[in-house]
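Report on the following structure.
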Amino acid sequence: MLCGCTATIGNPSSSGSNPSVSPYLSSALSKGGPQRIDVALGQPILVENLSGLRQFAGKDINFNDFSGLLGYSTEVGYVMVISGIVATDALDAQAGEILLIPAYGTQPSVERYDAQYFADSKYAEKVSGLKRLSQALDEVVAKQRSGIFWGRLRRTAFNVTAPGSADHELARRSVVGSDIVHDIRFSGISDADQIEEVTVEKFRQAMVAGDEKVVAALLSPAVFGETDIRGGASKAREMLAEHIINKENWKTVLANGRFQRTQVPNVWSMKTSHGRVFLKTEPVNDFTYVNDIYREKRR
């Protein structure tokens, strides 16, 4: 994105939901400090008058009388400021600007967003019912309109909620859009070895719990389409997860202990009372998935 341009805020799916209005974020804030703002992928929330230190997209963010939109695409977490200020990593975003936070703890950036485009979208329907917020948005629209008239700003087709295209975003969601993969990618962890370690442990926990949804999400998508597993491919992945869980009594075998990295790349092992268990991982695009899990055959 070029400096001085405005980014659009739009929905990659015509069936997408409107942002929820949550003045105090009572349902979105997790316990502990700094409190984490939990927002589901593709389901932005609209908030008013938020102040204080919060964690979002793996970053500690200072909100100062903030009103605006918080959400995620598969590539970035975004904080769209209608009024107030947000600050993180020596950056601050003010009214008319959007804080973009890429996955894996990558350095955030601040850009302008297209306030008129937002005002004309379904996202703004809830804003119109909030007088103070509606007035603040009108002010941003007026300032940007002046900037465009005088040539200081120009519009772009870049859409933070669907980088590339709507279809590309939906395809990406089929691969990295699960809650577990999304949470790991936006945990703030940047080290690839740590990401792999977290994935392996989350997979072990899911196997013990018999959680087919999480196991499926962490299985390598390579054999199912790699970049797009919508439809039948996703169902096949879920069926494989069910088969793997039911193949062994993993609840007992994996209940105690953790997998340890071996000297062989992407191979982990765990010594149990039922024999040694091996787990293989596989990097696919920007995430490391589980490729296989099996018990060592007794001689």
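In the structure tokens, chains take the letters A, B, ... in the order shown, each chain's residues start at 1, and ligands count up from 1 in the order shown.
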| request: Could you give me, as an NGL selection string, the residues within 9 Å of range 276-280 of chain A, counting only C-alpha atoms and dropping anything in the same chain fewer than 3 positions from it? | output: :A and (200 or 253-254 or 259 or 265-273 or 289-297)
Neighbouring residues of Ala241 in chain A were defined as those with any atom within 8 Å, considering only C-alpha atoms; residues of the same chain fewer than 5 positions away were excluded. Please report them as a compact mmCIF listing (two decimals) with all heavy atoms, in the first residue's frame.
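Once written, out36.txt looks like this:
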```txt
# COMPACT_ATOMS: atom_id res chain seq x y z
N GLU A 212 -11.97 -34.17 17.64
CA GLU A 212 -11.79 -34.37 16.20
C GLU A 212 -11.62 -33.05 15.45
O GLU A 212 -10.87 -32.96 14.47
CB GLU A 212 -12.98 -35.13 15.63
CG GLU A 212 -13.10 -36.56 16.16
CD GLU A 212 -14.34 -37.26 15.65
OE1 GLU A 212 -15.01 -36.70 14.75
OE2 GLU A 212 -14.66 -38.35 16.14
N LYS A 213 -12.29 -32.01 15.91
CA LYS A 213 -12.23 -30.71 15.24
C LYS A 213 -10.82 -30.14 15.27
O LYS A 213 -10.29 -29.68 14.25
CB LYS A 213 -13.21 -29.74 15.90
CG LYS A 213 -13.28 -28.38 15.23
CD LYS A 213 -14.32 -27.49 15.90
CE LYS A 213 -14.39 -26.12 15.24
NZ LYS A 213 -15.40 -25.25 15.92
N VAL A 215 -7.97 -31.83 16.03
CA VAL A 215 -7.05 -32.75 15.36
C VAL A 215 -7.09 -32.53 13.85
O VAL A 215 -6.04 -32.45 13.19
CB VAL A 215 -7.40 -34.21 15.71
CG1 VAL A 215 -6.61 -35.18 14.81
CG2 VAL A 215 -7.08 -34.50 17.17
N ALA A 216 -8.28 -32.41 13.29
CA ALA A 216 -8.41 -32.18 11.85
C ALA A 216 -7.75 -30.88 11.43
O ALA A 216 -7.06 -30.81 10.41
CB ALA A 216 -9.88 -32.18 11.46
N LEU A 219 -3.98 -31.25 11.21
CA LEU A 219 -3.43 -32.20 10.25
C LEU A 219 -2.98 -31.47 8.98
O LEU A 219 -3.63 -30.53 8.53
CB LEU A 219 -4.47 -33.26 9.88
CG LEU A 219 -4.78 -34.33 10.92
CD1 LEU A 219 -5.91 -35.23 10.42
CD2 LEU A 219 -3.54 -35.16 11.23
```
Judged by only C-alpha atoms, the minimum distance to Lys143 in chain A among A:Gln116, A:Thr262, A:Ser234, A:Thr74 is found for A:Gln116
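As for CA of Val110 in chain A and CA of Ser134 in chain A, they are spaced 22.4 Å apart.
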Using the chain letters and numbers from this document, which residues of range 101-158 of chain A does DSSP assign to strand (DSSP E), as a compact mmCIF listing (two decimals) with N, CA and C atoms, in the first residue's frame?
```
# COMPACT_ATOMS: atom_id res chain seq x y z
N ILE A 101 -1.96 -5.59 12.05
CA ILE A 101 -1.06 -6.45 12.81
C ILE A 101 -0.97 -7.81 12.11
N PRO A 102 0.12 -8.06 11.38
CA PRO A 102 0.28 -9.35 10.69
C PRO A 102 0.45 -10.50 11.68
N SER A 109 1.78 -2.01 11.25
CA SER A 109 1.89 -0.78 10.46
C SER A 109 0.59 0.00 10.62
N VAL A 110 0.65 1.28 10.26
CA VAL A 110 -0.52 2.14 10.33
C VAL A 110 -0.79 2.71 8.95
N GLU A 111 -2.03 2.61 8.50
CA GLU A 111 -2.44 3.15 7.21
C GLU A 111 -3.75 3.91 7.39
N ARG A 112 -4.14 4.64 6.36
CA ARG A 112 -5.46 5.25 6.36
C ARG A 112 -6.47 4.25 5.80
N TYR A 113 -7.70 4.32 6.28
CA TYR A 113 -8.76 3.50 5.70
C TYR A 113 -9.75 4.41 4.98
N ARG A 154 -5.66 9.23 -2.31
CA ARG A 154 -6.37 8.58 -3.40
C ARG A 154 -6.83 7.21 -2.94
N ARG A 155 -7.91 6.74 -3.52
CA ARG A 155 -8.47 5.46 -3.11
C ARG A 155 -7.70 4.31 -3.76
N THR A 156 -7.72 3.15 -3.06
CA THR A 156 -7.15 1.93 -3.61
C THR A 156 -8.18 0.82 -3.51
N ALA A 157 -7.89 -0.29 -4.16
CA ALA A 157 -8.81 -1.44 -4.10
C ALA A 157 -8.40 -2.42 -3.02
N PHE A 158 -7.39 -2.08 -2.22
CA PHE A 158 -6.91 -2.98 -1.17
C PHE A 158 -7.97 -3.14 -0.09
```
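Of the listed residues (A:Tyr72, A:Thr106, A:Leu100, A:Arg204), A:Thr106 comes nearest to Ile189 in chain A; the distances count only C-alpha atoms.
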Tell me, as a JSON list (two decimals) with N, CA, C and O atoms, in the first residue's frame, which residues lie within 8 Å of Asp89 in chain A, counting only C-alpha atoms; anything in the same chain fewer than 2 positions away does not count.
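The resulting file, out_5.json, is shown below:
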```
[["chain", "number", "residue", "atom", "x", "y", "z"],
["A", 87, "ALA", "N", -2.20, 2.64, 20.47],
["A", 87, "ALA", "CA", -0.75, 2.68, 20.32],
["A", 87, "ALA", "C", -0.13, 1.34, 20.68],
["A", 87, "ALA", "O", -0.56, 0.67, 21.61],
["A", 91, "LEU", "N", 4.11, 2.83, 17.63],
["A", 91, "LEU", "CA", 3.21, 3.32, 16.59],
["A", 91, "LEU", "C", 1.91, 3.77, 17.24],
["A", 91, "LEU", "O", 1.51, 3.25, 18.28],
["A", 107, "GLN", "N", 6.05, -6.93, 12.71],
["A", 107, "GLN", "CA", 5.90, -5.51, 13.03],
["A", 107, "GLN", "C", 4.60, -4.94, 12.45],
["A", 107, "GLN", "O", 4.34, -5.07, 11.26],
["A", 108, "PRO", "N", 3.77, -4.30, 13.28],
["A", 108, "PRO", "CA", 2.53, -3.70, 12.79],
["A", 108, "PRO", "C", 2.82, -2.48, 11.91],
["A", 108, "PRO", "O", 3.94, -1.98, 11.85]]
```
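Secondary structure from DSSP on the backbone puts alpha helix (DSSP H) at the following positions of range 74-169 of chain A: Ala115, Gln116, Tyr117, Phe118, Ala119, Lys131, Arg132, Leu133, Ser134, Gln135, Ala136, Leu137, Asp138, Glu139, Val140, Val141, Ala142, Lys143, Gln144, Arg145, Ser146, Gly147, Ile148, Phe149, Ala166, Asp167, His168 and Glu169 of chain A.
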Using N, CA, C and O atoms, can you write the selected residues to a file as an mmCIF file, in the first residue's frame?
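Wrote out07.cif, looks like this:
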```cif
data_model
loop_
_atom_site.group_PDB
_atom_site.id
_atom_site.type_symbol
_atom_site.label_atom_id
_atom_site.label_comp_id
_atom_site.auth_asym_id
_atom_site.auth_seq_id
_atom_site.Cartn_x
_atom_site.Cartn_y
_atom_site.Cartn_z
ATOM 1 N N ALA A 115 -12.894 5.885 4.742
ATOM 2 C CA ALA A 115 -14.029 6.106 5.634
ATOM 3 C C ALA A 115 -15.355 6.140 4.878
ATOM 4 O O ALA A 115 -16.379 5.683 5.390
ATOM 5 N N GLN A 116 -15.351 6.684 3.661
ATOM 6 C CA GLN A 116 -16.591 6.733 2.883
ATOM 7 C C GLN A 116 -17.034 5.328 2.496
ATOM 8 O O GLN A 116 -18.218 4.996 2.569
ATOM 9 N N TYR A 117 -16.074 4.502 2.096
ATOM 10 C CA TYR A 117 -16.391 3.115 1.744
ATOM 11 C C TYR A 117 -16.978 2.397 2.955
ATOM 12 O O TYR A 117 -17.958 1.658 2.846
ATOM 13 N N PHE A 118 -16.375 2.641 4.112
ATOM 14 C CA PHE A 118 -16.883 2.023 5.333
ATOM 15 C C PHE A 118 -18.283 2.533 5.658
ATOM 16 O O PHE A 118 -19.175 1.764 6.029
ATOM 17 N N ALA A 119 -18.489 3.839 5.511
ATOM 18 C CA ALA A 119 -19.790 4.433 5.824
ATOM 19 C C ALA A 119 -20.895 3.888 4.925
ATOM 20 O O ALA A 119 -22.067 3.857 5.316
ATOM 21 N N LYS A 131 -25.036 7.971 18.101
ATOM 22 C CA LYS A 131 -24.896 9.373 17.696
ATOM 23 C C LYS A 131 -23.456 9.861 17.734
ATOM 24 O O LYS A 131 -22.949 10.435 16.765
ATOM 25 N N ARG A 132 -22.764 9.648 18.863
ATOM 26 C CA ARG A 132 -21.396 10.149 19.006
ATOM 27 C C ARG A 132 -20.471 9.507 17.979
ATOM 28 O O ARG A 132 -19.642 10.178 17.350
ATOM 29 N N LEU A 133 -20.627 8.205 17.789
ATOM 30 C CA LEU A 133 -19.767 7.484 16.856
ATOM 31 C C LEU A 133 -20.083 7.866 15.414
ATOM 32 O O LEU A 133 -19.182 8.005 14.579
ATOM 33 N N SER A 134 -21.361 8.066 15.131
ATOM 34 C CA SER A 134 -21.776 8.460 13.785
ATOM 35 C C SER A 134 -21.213 9.828 13.423
ATOM 36 O O SER A 134 -20.744 10.050 12.297
ATOM 37 N N GLN A 135 -21.229 10.749 14.383
ATOM 38 C CA GLN A 135 -20.678 12.081 14.140
ATOM 39 C C GLN A 135 -19.172 12.018 13.903
ATOM 40 O O GLN A 135 -18.637 12.720 13.032
ATOM 41 N N ALA A 136 -18.489 11.173 14.684
ATOM 42 C CA ALA A 136 -17.040 11.030 14.528
ATOM 43 C C ALA A 136 -16.701 10.469 13.153
ATOM 44 O O ALA A 136 -15.740 10.911 12.504
ATOM 45 N N LEU A 137 -17.484 9.495 12.683
ATOM 46 C CA LEU A 137 -17.250 8.918 11.360
ATOM 47 C C LEU A 137 -17.502 9.962 10.274
ATOM 48 O O LEU A 137 -16.746 10.044 9.293
ATOM 49 N N ASP A 138 -18.544 10.776 10.446
ATOM 50 C CA ASP A 138 -18.834 11.837 9.471
ATOM 51 C C ASP A 138 -17.660 12.809 9.361
ATOM 52 O O ASP A 138 -17.330 13.287 8.265
ATOM 53 N N GLU A 139 -17.017 13.100 10.491
ATOM 54 C CA GLU A 139 -15.874 14.011 10.487
ATOM 55 C C GLU A 139 -14.699 13.408 9.715
ATOM 56 O O GLU A 139 -14.013 14.105 8.957
ATOM 57 N N VAL A 140 -14.465 12.112 9.911
ATOM 58 C CA VAL A 140 -13.381 11.441 9.188
ATOM 59 C C VAL A 140 -13.665 11.445 7.691
ATOM 60 O O VAL A 140 -12.780 11.722 6.874
ATOM 61 N N VAL A 141 -14.914 11.158 7.319
ATOM 62 C CA VAL A 141 -15.306 11.158 5.905
ATOM 63 C C VAL A 141 -15.058 12.528 5.284
ATOM 64 O O VAL A 141 -14.500 12.642 4.183
ATOM 65 N N ALA A 142 -15.449 13.591 5.993
ATOM 66 C CA ALA A 142 -15.299 14.951 5.473
ATOM 67 C C ALA A 142 -13.825 15.311 5.279
ATOM 68 O O ALA A 142 -13.442 15.896 4.253
ATOM 69 N N LYS A 143 -12.982 14.946 6.236
ATOM 70 C CA LYS A 143 -11.553 15.251 6.132
ATOM 71 C C LYS A 143 -10.917 14.492 4.967
ATOM 72 O O LYS A 143 -10.100 15.045 4.223
ATOM 73 N N GLN A 144 -11.288 13.225 4.805
ATOM 74 C CA GLN A 144 -10.719 12.447 3.706
ATOM 75 C C GLN A 144 -11.225 12.944 2.353
ATOM 76 O O GLN A 144 -10.473 12.956 1.372
ATOM 77 N N ARG A 145 -12.478 13.361 2.308
ATOM 78 C CA ARG A 145 -13.025 13.886 1.055
ATOM 79 C C ARG A 145 -12.232 15.117 0.618
ATOM 80 O O ARG A 145 -11.920 15.297 -0.566
ATOM 81 N N SER A 146 -11.879 15.953 1.594
ATOM 82 C CA SER A 146 -11.075 17.137 1.291
ATOM 83 C C SER A 146 -9.687 16.734 0.802
ATOM 84 O O SER A 146 -9.155 17.307 -0.155
ATOM 85 N N GLY A 147 -9.099 15.718 1.460
ATOM 86 C CA GLY A 147 -7.774 15.260 1.060
ATOM 87 C C GLY A 147 -7.760 14.682 -0.345
ATOM 88 O O GLY A 147 -6.809 14.887 -1.110
ATOM 89 N N ILE A 148 -8.823 13.963 -0.699
ATOM 90 C CA ILE A 148 -8.929 13.396 -2.043
ATOM 91 C C ILE A 148 -9.109 14.512 -3.072
ATOM 92 O O ILE A 148 -8.508 14.494 -4.153
ATOM 93 N N PHE A 149 -9.926 15.513 -2.726
ATOM 94 C CA PHE A 149 -10.178 16.633 -3.641
ATOM 95 C C PHE A 149 -8.884 17.377 -3.968
ATOM 96 O O PHE A 149 -8.637 17.743 -5.123
ATOM 97 N N ALA A 166 -11.775 -11.888 -2.582
ATOM 98 C CA ALA A 166 -12.706 -12.541 -1.666
ATOM 99 C C ALA A 166 -12.566 -14.058 -1.739
ATOM 100 O O ALA A 166 -12.572 -14.750 -0.713
ATOM 101 N N ASP A 167 -12.415 -14.587 -2.947
ATOM 102 C CA ASP A 167 -12.302 -16.036 -3.104
ATOM 103 C C ASP A 167 -11.008 -16.552 -2.482
ATOM 104 O O ASP A 167 -10.989 -17.617 -1.852
ATOM 105 N N HIS A 168 -9.932 -15.789 -2.652
ATOM 106 C CA HIS A 168 -8.653 -16.179 -2.052
ATOM 107 C C HIS A 168 -8.766 -16.213 -0.534
ATOM 108 O O HIS A 168 -8.251 -17.129 0.120
ATOM 109 N N GLU A 169 -9.444 -15.224 0.040
ATOM 110 C CA GLU A 169 -9.604 -15.176 1.492
ATOM 111 C C GLU A 169 -10.404 -16.376 1.996
ATOM 112 O O GLU A 169 -10.043 -17.001 2.999
#
```
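Nearest to Arg172 in chain A of all the residues A:Gln260, A:Thr227, A:Gln35, A:Thr88 is A:Thr227, based on only C-alpha atoms.
The residue set within 7 Å of Ala103 in chain A, counting only C-alpha atoms and dropping same-chain residues fewer than 3 places from it, reads Glu75, Val76, Thr106, Arg185 and Phe186 of chain A.
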Please produce an output containing N, CA and C atoms for each residue in the selection, written as a tab-separated table (two decimals), in the first residue's frame.
```
chain	number	residue	atom	x	y	z
A	75	GLU	N	-4.78	-12.85	7.20
A	75	GLU	CA	-3.41	-12.33	7.15
A	75	GLU	C	-3.11	-11.28	8.20
A	76	VAL	N	-4.11	-10.53	8.64
A	76	VAL	CA	-3.86	-9.46	9.61
A	76	VAL	C	-4.99	-9.34	10.62
A	106	THR	N	4.76	-10.17	13.64
A	106	THR	CA	5.42	-9.27	12.69
A	106	THR	C	5.11	-7.81	13.04
A	185	ARG	N	-1.29	-18.66	15.10
A	185	ARG	CA	-0.69	-17.71	14.16
A	185	ARG	C	-0.69	-16.28	14.71
A	186	PHE	N	-1.72	-15.94	15.50
A	186	PHE	CA	-1.81	-14.59	16.05
A	186	PHE	C	-1.53	-14.56	17.56
```
